[in-house]
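S.K.: My structure file protein37.pdb, PDB, C-alpha atoms (C1' of nucleotides), is below:
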ATOM      1  CA  MET Q   1       0.000   0.000   0.000
ATOM      2  CA  ARG Q   2       1.335   3.385  -0.996
ATOM      3  CA  ILE Q   3       0.294   6.410   1.103
ATOM      4  CA  ALA Q   4       1.293   9.901  -0.014
ATOM      5  CA  THR Q   5       0.981  13.484   1.178
ATOM      6  CA  TRP Q   6       1.054  16.655  -0.917
ATOM      7  CA  ASN Q   7       0.395  20.287  -0.109
ATOM      8  CA  VAL Q   8      -0.990  21.294  -3.511
ATOM      9  CA  ASN Q   9      -1.454  25.033  -2.797
ATOM     10  CA  SER Q  10      -4.943  25.215  -4.393
ATOM     11  CA  ILE Q  11      -6.615  22.082  -5.756
ATOM     12  CA  ARG Q  12      -8.067  23.991  -8.690
ATOM     13  CA  GLN Q  13      -4.668  25.348  -9.786
ATOM     14  CA  ARG Q  14      -3.086  21.905  -9.426
ATOM     15  CA  LEU Q  15      -5.738  19.687 -11.005
ATOM     16  CA  ASP Q  16      -3.716  18.767 -14.098
ATOM     17  CA  SER Q  17      -0.491  18.181 -12.158
ATOM     18  CA  LEU Q  18      -2.248  16.087  -9.538
ATOM     19  CA  GLN Q  19      -3.863  13.861 -12.163
ATOM     20  CA  ALA Q  20      -0.526  13.395 -13.930
ATOM     21  CA  TRP Q  21       1.223  12.543 -10.683
ATOM     22  CA  LEU Q  22      -1.505  10.075  -9.634
ATOM     23  CA  LYS Q  23      -1.017   8.217 -12.916
ATOM     24  CA  GLU Q  24       2.755   8.228 -12.474
ATOM     25  CA  ARG Q  25       2.972   7.167  -8.824
ATOM     26  CA  SER Q  26      -0.312   5.233  -8.366
ATOM     27  CA  PRO Q  27      -0.768   5.937  -4.647
ATOM     28  CA  ASP Q  28      -3.548   4.065  -2.842
ATOM     29  CA  ILE Q  29      -4.203   6.868  -0.369
ATOM     30  CA  VAL Q  30      -3.381  10.561  -0.838
ATOM     31  CA  CYS Q  31      -3.450  13.223   1.869
ATOM     32  CA  LEU Q  32      -3.902  16.697   0.402
ATOM     33  CA  GLN Q  33      -3.383  20.073   2.098
ATOM     34  CA  GLU Q  34      -4.132  23.681   1.198
ATOM     35  CA  ILE Q  35      -6.910  22.776  -1.191
ATOM     36  CA  LYS Q  36      -8.149  26.365  -0.677
ATOM     37  CA  CYS Q  37     -11.805  25.700  -1.472
ATOM     38  CA  GLN Q  38     -15.076  24.814   0.184
ATOM     39  CA  ASP Q  39     -16.299  21.217   0.150
ATOM     40  CA  ASP Q  40     -18.750  21.684  -2.721
ATOM     41  CA  ALA Q  41     -16.069  23.256  -4.943
ATOM     42  CA  PHE Q  42     -13.712  20.280  -4.642
ATOM     43  CA  PRO Q  43     -13.466  18.470  -8.023
ATOM     44  CA  ARG Q  44     -14.341  15.092  -6.540
ATOM     45  CA  GLU Q  45     -15.673  13.625  -9.806
ATOM     46  CA  THR Q  46     -12.217  13.925 -11.363
ATOM     47  CA  PHE Q  47     -10.796  11.577  -8.751
ATOM     48  CA  GLU Q  48     -13.804   9.301  -8.495
ATOM     49  CA  ALA Q  49     -13.383   8.674 -12.227
ATOM     50  CA  MET Q  50      -9.833   7.522 -11.422
ATOM     51  CA  GLY Q  51     -11.077   5.017  -8.855
ATOM     52  CA  TYR Q  52     -10.684   7.036  -5.652
ATOM     53  CA  ASN Q  53     -13.071   7.567  -2.805
ATOM     54  CA  VAL Q  54     -12.979  11.226  -1.763
ATOM     55  CA  ALA Q  55     -13.279  12.922   1.636
ATOM     56  CA  VAL Q  56     -13.016  16.701   1.960
ATOM     57  CA  HIS Q  57     -12.720  19.146   4.849
ATOM     58  CA  GLY Q  58     -12.483  22.548   3.215
ATOM     59  CA  GLN Q  59     -13.162  26.198   3.891
ATOM     60  CA  LYS Q  60     -13.316  29.402   1.922
ATOM     61  CA  THR Q  61     -10.034  30.893   0.629
ATOM     62  CA  PHE Q  62      -7.485  29.285   2.964
ATOM     63  CA  ASN Q  63      -6.322  25.944   4.360
ATOM     64  CA  GLY Q  64      -8.466  22.906   3.607
ATOM     65  CA  VAL Q  65      -7.490  19.213   3.614
ATOM     66  CA  ALA Q  66      -8.739  16.150   1.741
ATOM     67  CA  LEU Q  67      -8.220  12.415   1.383
ATOM     68  CA  LEU Q  68      -8.281  10.243  -1.727
ATOM     69  CA  SER Q  69      -8.463   6.474  -1.189
ATOM     70  CA  LYS Q  70      -8.683   3.442  -3.433
ATOM     71  CA  PHE Q  71     -10.041   1.634  -0.361
ATOM     72  CA  PRO Q  72     -13.444   2.441   1.134
ATOM     73  CA  PHE Q  73     -13.711   4.785   4.117
ATOM     74  CA  ASP Q  74     -15.157   3.125   7.216
ATOM     75  CA  GLU Q  75     -15.069   6.392   9.163
ATOM     76  CA  VAL Q  76     -14.280  10.006   8.309
ATOM     77  CA  ALA Q  77     -13.845  12.703  10.962
ATOM     78  CA  PRO Q  78     -12.905  16.335  10.327
ATOM     79  CA  GLY Q  79     -11.268  18.534  12.963
ATOM     80  CA  LEU Q  80      -8.652  18.090  15.700
ATOM     81  CA  ILE Q  81      -9.753  17.578  19.303
ATOM     82  CA  GLY Q  82      -9.019  20.119  21.998
ATOM     83  CA  ASP Q  83     -10.565  23.397  20.784
ATOM     84  CA  GLU Q  84     -14.195  23.556  19.719
ATOM     85  CA  ALA Q  85     -13.744  27.220  18.720
ATOM     86  CA  ASP Q  86     -11.051  26.445  16.129
ATOM     87  CA  VAL Q  87     -12.725  26.785  12.711
ATOM     88  CA  GLN Q  88      -9.619  26.392  10.539
ATOM     89  CA  ALA Q  89      -9.864  23.324   8.251
ATOM     90  CA  ARG Q  90      -6.536  21.625   8.946
ATOM     91  CA  PHE Q  91      -7.259  18.051  10.004
ATOM     92  CA  LEU Q  92      -9.103  15.085   8.486
ATOM     93  CA  GLU Q  93      -8.979  11.564   9.920
ATOM     94  CA  ALA Q  94     -10.206   8.405   8.228
ATOM     95  CA  LEU Q  95     -10.300   4.687   8.887
ATOM     96  CA  VAL Q  96      -9.792   2.620   5.757
ATOM     97  CA  SER Q  97     -10.515  -1.095   5.206
ATOM     98  CA  THR Q  98      -8.304  -3.478   3.277
ATOM     99  CA  LYS Q  99      -8.461  -7.237   2.811
ATOM    100  CA  THR Q 100      -5.833  -7.677   5.501
ATOM    101  CA  GLY Q 101      -7.115  -5.169   8.033
ATOM    102  CA  VAL Q 102      -7.636  -1.497   8.728
ATOM    103  CA  VAL Q 103      -5.353   1.511   8.329
ATOM    104  CA  ARG Q 104      -5.957   4.825  10.053
ATOM    105  CA  VAL Q 105      -4.804   7.907   8.144
ATOM    106  CA  VAL Q 106      -4.745  11.615   8.982
ATOM    107  CA  SER Q 107      -4.257  14.455   6.511
ATOM    108  CA  LEU Q 108      -3.001  17.428   8.522
ATOM    109  CA  TYR Q 109      -1.933  20.989   7.815
ATOM    110  CA  LEU Q 110      -0.116  22.297  10.859
ATOM    111  CA  PRO Q 111      -0.184  26.090  11.285
ATOM    112  CA  ASN Q 112       2.776  28.047   9.907
ATOM    113  CA  GLY Q 113       3.098  30.115  13.094
ATOM    114  CA  ASN Q 114       4.898  33.164  11.725
ATOM    115  CA  PRO Q 115       5.528  35.753  12.920
ATOM    116  CA  ALA Q 116       7.014  34.415  16.125
ATOM    117  CA  PRO Q 117       6.540  35.357  18.843
ATOM    118  CA  GLY Q 118       2.894  36.344  18.547
ATOM    119  CA  ASP Q 119      -0.689  35.102  18.386
ATOM    120  CA  LYS Q 120      -0.012  32.951  15.340
ATOM    121  CA  TYR Q 121       2.905  31.221  17.015
ATOM    122  CA  ASP Q 122       0.851  30.622  20.146
ATOM    123  CA  TYR Q 123      -1.818  29.015  17.955
ATOM    124  CA  LYS Q 124       0.805  26.780  16.331
ATOM    125  CA  LEU Q 125       2.146  25.574  19.676
ATOM    126  CA  ARG Q 126      -1.351  24.922  21.036
ATOM    127  CA  TRP Q 127      -2.208  23.032  17.834
ATOM    128  CA  MET Q 128       0.886  20.855  18.308
ATOM    129  CA  ASP Q 129      -0.124  20.154  21.906
ATOM    130  CA  ARG Q 130      -3.565  19.088  20.655
ATOM    131  CA  LEU Q 131      -1.946  16.846  18.023
ATOM    132  CA  ILE Q 132       0.144  15.202  20.736
ATOM    133  CA  ALA Q 133      -2.971  14.618  22.859
ATOM    134  CA  PHE Q 134      -4.839  13.156  19.866
ATOM    135  CA  SER Q 135      -1.916  10.898  18.980
ATOM    136  CA  ARG Q 136      -1.511   9.629  22.518
ATOM    137  CA  GLU Q 137      -5.134   8.481  22.424
ATOM    138  CA  ARG Q 138      -4.957   6.882  18.972
ATOM    139  CA  LEU Q 139      -1.749   4.984  19.752
ATOM    140  CA  LYS Q 140      -3.695   3.092  22.436
ATOM    141  CA  LEU Q 141      -5.639   1.443  19.593
ATOM    142  CA  GLU Q 142      -2.400  -0.266  18.423
ATOM    143  CA  GLU Q 143      -3.426   0.132  14.774
ATOM    144  CA  PRO Q 144      -1.347   0.944  11.711
ATOM    145  CA  LEU Q 145      -1.662   4.751  11.812
ATOM    146  CA  VAL Q 146      -0.106   7.287   9.441
ATOM    147  CA  LEU Q 147      -0.066  10.981  10.349
ATOM    148  CA  ALA Q 148       0.699  12.646   7.024
ATOM    149  CA  GLY Q 149       0.861  16.241   5.988
ATOM    150  CA  ASP Q 150       2.480  19.635   5.949
ATOM    151  CA  TYR Q 151       3.818  19.958   9.489
ATOM    152  CA  ASN Q 152       5.511  23.324   8.928
ATOM    153  CA  VAL Q 153       8.334  21.911  11.038
ATOM    154  CA  ILE Q 154      11.994  21.625  10.023
ATOM    155  CA  PRO Q 155      12.990  18.784  12.380
ATOM    156  CA  ALA Q 156      16.767  19.297  12.287
ATOM    157  CA  ALA Q 157      19.493  21.419  10.698
ATOM    158  CA  LEU Q 158      20.163  18.820   7.999
ATOM    159  CA  ASP Q 159      16.572  19.302   6.830
ATOM    160  CA  ALA Q 160      17.393  22.769   5.455
ATOM    161  CA  LYS Q 161      19.869  23.897   2.811
ATOM    162  CA  LYS Q 162      20.598  27.027   4.855
ATOM    163  CA  PRO Q 163      19.594  26.295   8.466
ATOM    164  CA  GLU Q 164      21.061  29.589   9.684
ATOM    165  CA  ILE Q 165      18.345  31.647   7.962
ATOM    166  CA  TRP Q 166      15.587  29.694   9.793
ATOM    167  CA  VAL Q 167      16.829  30.062  13.377
ATOM    168  CA  ASN Q 168      14.246  32.717  14.280
ATOM    169  CA  ASP Q 169      11.470  31.251  12.136
ATOM    170  CA  ALA Q 170       8.388  29.501  13.525
ATOM    171  CA  LEU Q 171       9.280  26.407  11.472
ATOM    172  CA  PHE Q 172      12.598  25.900  13.254
ATOM    173  CA  LEU Q 173      12.411  27.583  16.675
ATOM    174  CA  PRO Q 174      13.425  25.376  19.618
ATOM    175  CA  GLN Q 175       9.858  25.222  21.003
ATOM    176  CA  THR Q 176       8.608  23.998  17.624
ATOM    177  CA  ARG Q 177      11.226  21.280  17.346
ATOM    178  CA  GLU Q 178      10.751  20.266  20.979
ATOM    179  CA  ARG Q 179       7.080  19.603  20.373
ATOM    180  CA  PHE Q 180       7.798  17.704  17.166
ATOM    181  CA  ARG Q 181      10.273  15.539  19.086
ATOM    182  CA  ALA Q 182       7.685  14.998  21.819
ATOM    183  CA  LEU Q 183       5.274  13.764  19.155
ATOM    184  CA  ILE Q 184       7.877  11.432  17.620
ATOM    185  CA  ASN Q 185       8.813  10.181  21.083
ATOM    186  CA  LEU Q 186       5.291   8.905  21.662
ATOM    187  CA  GLY Q 187       6.439   6.121  19.363
ATOM    188  CA  PHE Q 188       6.262   7.388  15.785
ATOM    189  CA  THR Q 189       8.728   6.777  12.972
ATOM    190  CA  ASP Q 190       9.562   9.532  10.464
ATOM    191  CA  ALA Q 191       9.239   7.449   7.280
ATOM    192  CA  ILE Q 192      11.752   9.388   5.188
ATOM    193  CA  ARG Q 193      14.348   9.417   7.963
ATOM    194  CA  ALA Q 194      13.877   5.678   8.527
ATOM    195  CA  VAL Q 195      15.005   4.860   4.989
ATOM    196  CA  ASN Q 196      17.523   7.661   4.395
ATOM    197  CA  GLU Q 197      19.730   9.487   6.916
ATOM    198  CA  ASP Q 198      21.187  11.907   4.385
ATOM    199  CA  GLY Q 199      20.824  15.669   4.373
ATOM    200  CA  GLY Q 200      19.599  17.468   1.292
ATOM    201  CA  LEU Q 201      16.168  15.818   1.294
ATOM    202  CA  TYR Q 202      13.646  18.616   0.845
ATOM    203  CA  SER Q 203       9.898  18.806   0.227
ATOM    204  CA  PHE Q 204       9.441  22.600  -0.126
ATOM    205  CA  TRP Q 205      11.161  25.277  -2.158
ATOM    206  CA  ASP Q 206       9.885  28.858  -1.932
ATOM    207  CA  TYR Q 207       8.536  30.475  -5.088
ATOM    208  CA  GLN Q 208      10.711  33.499  -4.328
ATOM    209  CA  ALA Q 209      14.378  34.308  -4.814
ATOM    210  CA  GLY Q 210      15.107  31.417  -7.162
ATOM    211  CA  ALA Q 211      14.957  28.942  -4.279
ATOM    212  CA  TRP Q 212      14.249  25.963  -6.560
ATOM    213  CA  GLN Q 213      17.055  26.834  -8.977
ATOM    214  CA  LYS Q 214      19.468  27.028  -6.052
ATOM    215  CA  ASN Q 215      18.016  23.927  -4.346
ATOM    216  CA  ASP Q 216      17.399  26.165  -1.329
ATOM    217  CA  GLY Q 217      14.806  23.827   0.195
ATOM    218  CA  ILE Q 218      13.467  22.561   3.514
ATOM    219  CA  ARG Q 219      11.902  19.269   4.604
ATOM    220  CA  ILE Q 220       8.575  20.070   6.271
ATOM    221  CA  ASP Q 221       6.155  17.493   4.820
ATOM    222  CA  HIS Q 222       6.252  14.309   6.884
ATOM    223  CA  LEU Q 223       4.697  10.867   7.198
ATOM    224  CA  LEU Q 224       4.772   9.664  10.796
ATOM    225  CA  LEU Q 225       4.154   5.945  11.333
ATOM    226  CA  SER Q 226       2.756   4.266  14.445
ATOM    227  CA  PRO Q 227       4.718   1.175  15.574
ATOM    228  CA  GLN Q 228       2.220  -1.082  13.815
ATOM    229  CA  ALA Q 229       2.684   0.864  10.575
ATOM    230  CA  ALA Q 230       6.484   1.115  10.950
ATOM    231  CA  ASP Q 231       6.672  -2.682  11.236
ATOM    232  CA  LYS Q 232       5.315  -2.793   7.681
ATOM    233  CA  LEU Q 233       7.612  -0.136   6.211
ATOM    234  CA  ILE Q 234       9.058  -1.059   2.810
ATOM    235  CA  ASP Q 235      10.214   2.251   1.360
ATOM    236  CA  ALA Q 236       9.635   6.002   1.369
ATOM    237  CA  GLY Q 237      10.531   8.785  -1.005
ATOM    238  CA  ILE Q 238      10.123  12.359  -2.174
ATOM    239  CA  ASP Q 239       8.955  13.134  -5.716
ATOM    240  CA  LYS Q 240      11.310  16.086  -6.149
ATOM    241  CA  HIS Q 241      10.969  16.162  -9.933
ATOM    242  CA  VAL Q 242       7.368  17.397  -9.631
ATOM    243  CA  ARG Q 243       8.723  20.792  -8.494
ATOM    244  CA  SER Q 244      10.088  21.365 -12.036
ATOM    245  CA  TRP Q 245       6.707  20.870 -13.724
ATOM    246  CA  ASP Q 246       4.690  23.750 -15.175
ATOM    247  CA  LYS Q 247       2.635  25.675 -12.606
ATOM    248  CA  PRO Q 248       4.152  23.826  -9.647
ATOM    249  CA  SER Q 249       3.060  23.855  -6.037
ATOM    250  CA  ASP Q 250       5.844  25.056  -3.738
ATOM    251  CA  HIS Q 251       5.629  21.603  -2.069
ATOM    252  CA  VAL Q 252       6.198  18.197  -3.697
ATOM    253  CA  PRO Q 253       4.600  14.809  -2.909
ATOM    254  CA  VAL Q 254       6.130  12.560  -0.249
ATOM    255  CA  TYR Q 255       5.129   8.899  -0.016
ATOM    256  CA  VAL Q 256       5.589   5.704   1.969
ATOM    257  CA  ASP Q 257       5.129   2.080   0.912
ATOM    258  CA  LEU Q 258       3.728  -0.259   3.574
ATOM    259  CA  ASP Q 259       3.427  -4.027   3.358
ATOM    260  CA  ILE Q 260      -0.338  -4.010   3.743
ATOM    261  CA  ASP Q 261      -2.856  -5.675   1.449
ATOM    262  CA  GLY Q 262      -0.055  -7.102  -0.707
ATOM    263  CA  ARG Q 263       0.235  -3.895  -2.692
TER     264      ARG Q 263
ATOM    265  C1'  DA F   1      21.364  42.822 -10.512
ATOM    266  C1'  DT F   2      22.922  41.250  -3.539
ATOM    267  C1'  DG F   3      16.537  40.535  -5.555
ATOM    268  C1'  DG F   4      13.641  37.556  -7.747
ATOM    269  C1'  DC F   5       6.470  34.481  -6.143
ATOM    270  C1'  DC F   6       1.891  32.642  -6.046
ATOM    271  C1'  DA F   7      -3.207  32.162  -4.940
ATOM    272  C1'  DA F   8      -7.825  33.911  -3.521
ATOM    273  C1'  DT F   9     -10.811  37.670  -3.125
ATOM    274  C1'  DA F  10     -17.378  41.323  -4.417
ATOM    275  C1'  DT F  11     -10.283  41.605  -7.364
ATOM    276  C1'  DG F  12      -6.990  45.797  -9.465
ATOM    277  C1'  DA F  13      -4.705  46.019  -3.291
ATOM    278  C1'  DT F  14      -4.648  43.118   0.435
ATOM    279  C1'  DT F  15      -3.807  38.943   3.014
ATOM    280  C1'  DG F  16      -1.497  34.665   3.804
ATOM    281  C1'  DG F  17       1.928  31.600   2.864
ATOM    282  C1'  DA F  18       7.078  29.775   4.659
TER     283       DA F  18
END
As structure tokens, how would this structure be written, given the file I've shared?
M.R.:
Amino acid sequence: MRIATWNVNSIRQRLDSLQAWLKERSPDIVCLQEIKCQDDAFPRETFEAMGYNVAVHGQKTFNGVALLSKFPFDEVAPGLIGDEADVQARFLEALVSTKTGVVRVVSLYLPNGNPAPGDKYDYKLRWMDRLIAFSRERLKLEEPLVLAGDYNVIPAALDAKKPEIWVNDALFLPQTRERFRALINLGFTDAIRAVNEDGGLYSFWDYQAGAWQKNDGIRIDHLLLSPQAADKLIDAGIDKHVRSWDKPSDHVPVYVDLDIDGR
DNA sequence: ATGGCCAATATGATTGGA
């Protein structure tokens, strides 16, 4: 089973690229972020025609997450526990059935948090605390669980081409990385790091300042595996070449292959 | 050249992204 995550930066602007990439990579489950549309504007028929079930948690203008799955959804739940007043569409959880058992998947879009310090950074840190609380509960189920998405977290210096320019940024501040480590330390495996310890693995290149041409990237899109999912890890990778396509997102797809359902 | 973008919006300037 191949599970992927991609911050598409507008589903409508990325429809052609997403279809081309789906044909190329054939993922079974895709976690999308920054769809930037309301539920009824999501082009679900396009993906249903390609054999995917579709779940959407969108909002007007900003944010928005979605799931595509070749397997049927047993449960779909939008929103992250811990703040009923939070209306930002950043979290979508689903339970998926396969012939050999269930897989739980989350598509998440963690707040950027800039500028820091400030209200936006406080929101980011609270959101991370809520994600830790959610994860602690779900790990008790002892299921294969994949938390996939745009974390807006640079975990370590080797995850940036120029770490020195990020030291005061919400993506790399010590409090951000401490919380990410606390999440990992609940028992998750960073899929990319599990198969490759090298630096220079990036998932985002800014549109500005020729960042792509200079390979001035950062690794902020992650697939975190519960112990039961990590036991089934086969491979993981980053589809860097997609960044060179016409009308690219500033993020590229990241995927993991799990030995589930013989796929 | 020491800076360079992109997307959505009752849109032509502002906000958010990272």
S.K.: Could you state the separation of atom CA of Q:Val56 and atom CA of Q:Asp39 in Å, given to one decimal place?
M.R.: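 Atom CA of Q:Asp39 lies at a distance of 5.9 Å from atom CA of Q:Val56.
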S.K.: When the PyMOL selection byres ((chain Q) within 12 of (chain F)) is applied to the structure above, which residues does it catch, written out as a VMD selection string?
M.R.: chain Q and resid 7 to 14 34 to 37 59 to 63 111 to 115 120 150 to 154 165 to 166 169 to 172 204 to 213 217 to 220 247 to 251
S.K.: Could you tell me how far atom CA of Q:Glu197 lies from atom CA of Q:Val65, in Å and to one decimal?
M.R.: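 If I compute the distance from atom CA of Q:Glu197 to atom CA of Q:Val65, I get 29.1 Å.
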S.K.: For this file, the PyMOL selection byres ((chain Q and resi 134) around 12) selects which residues, as a list of chain:residue names?
M.R.: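 Checked against the file, the PyMOL selection byres ((chain Q and resi 134) around 12) matches Q:Gly79, Q:Leu80, Q:Ile81, Q:Gly82, Q:Asp83, Q:Phe91, Q:Glu93, Q:Val106, Q:Trp127, Q:Met128, Q:Asp129, Q:Arg130, Q:Leu131, Q:Ile132, Q:Ala133, Q:Ser135, Q:Arg136, Q:Glu137, Q:Arg138, Q:Leu139, Q:Lys140, Q:Leu141, Q:Leu147, Q:Leu183, Q:Leu186.
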S.K.: Just checking: using only C-alpha atoms, which residue out of Q:Asp119, Q:Pro155, Q:Glu142, Q:Ser226 ends up closest to Q:Phe180?
M.R.: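 Closest to Q:Phe180, using only C-alpha atoms: Q:Pro155.
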S.K.: Run through the PyMOL selection byres ((chain Q and resi 98-104) around 7) on the given coordinates and return the selected residues as number ranges by chain.
M.R.: Q: 71, 94-97, 105-106, 143-146, 260-261
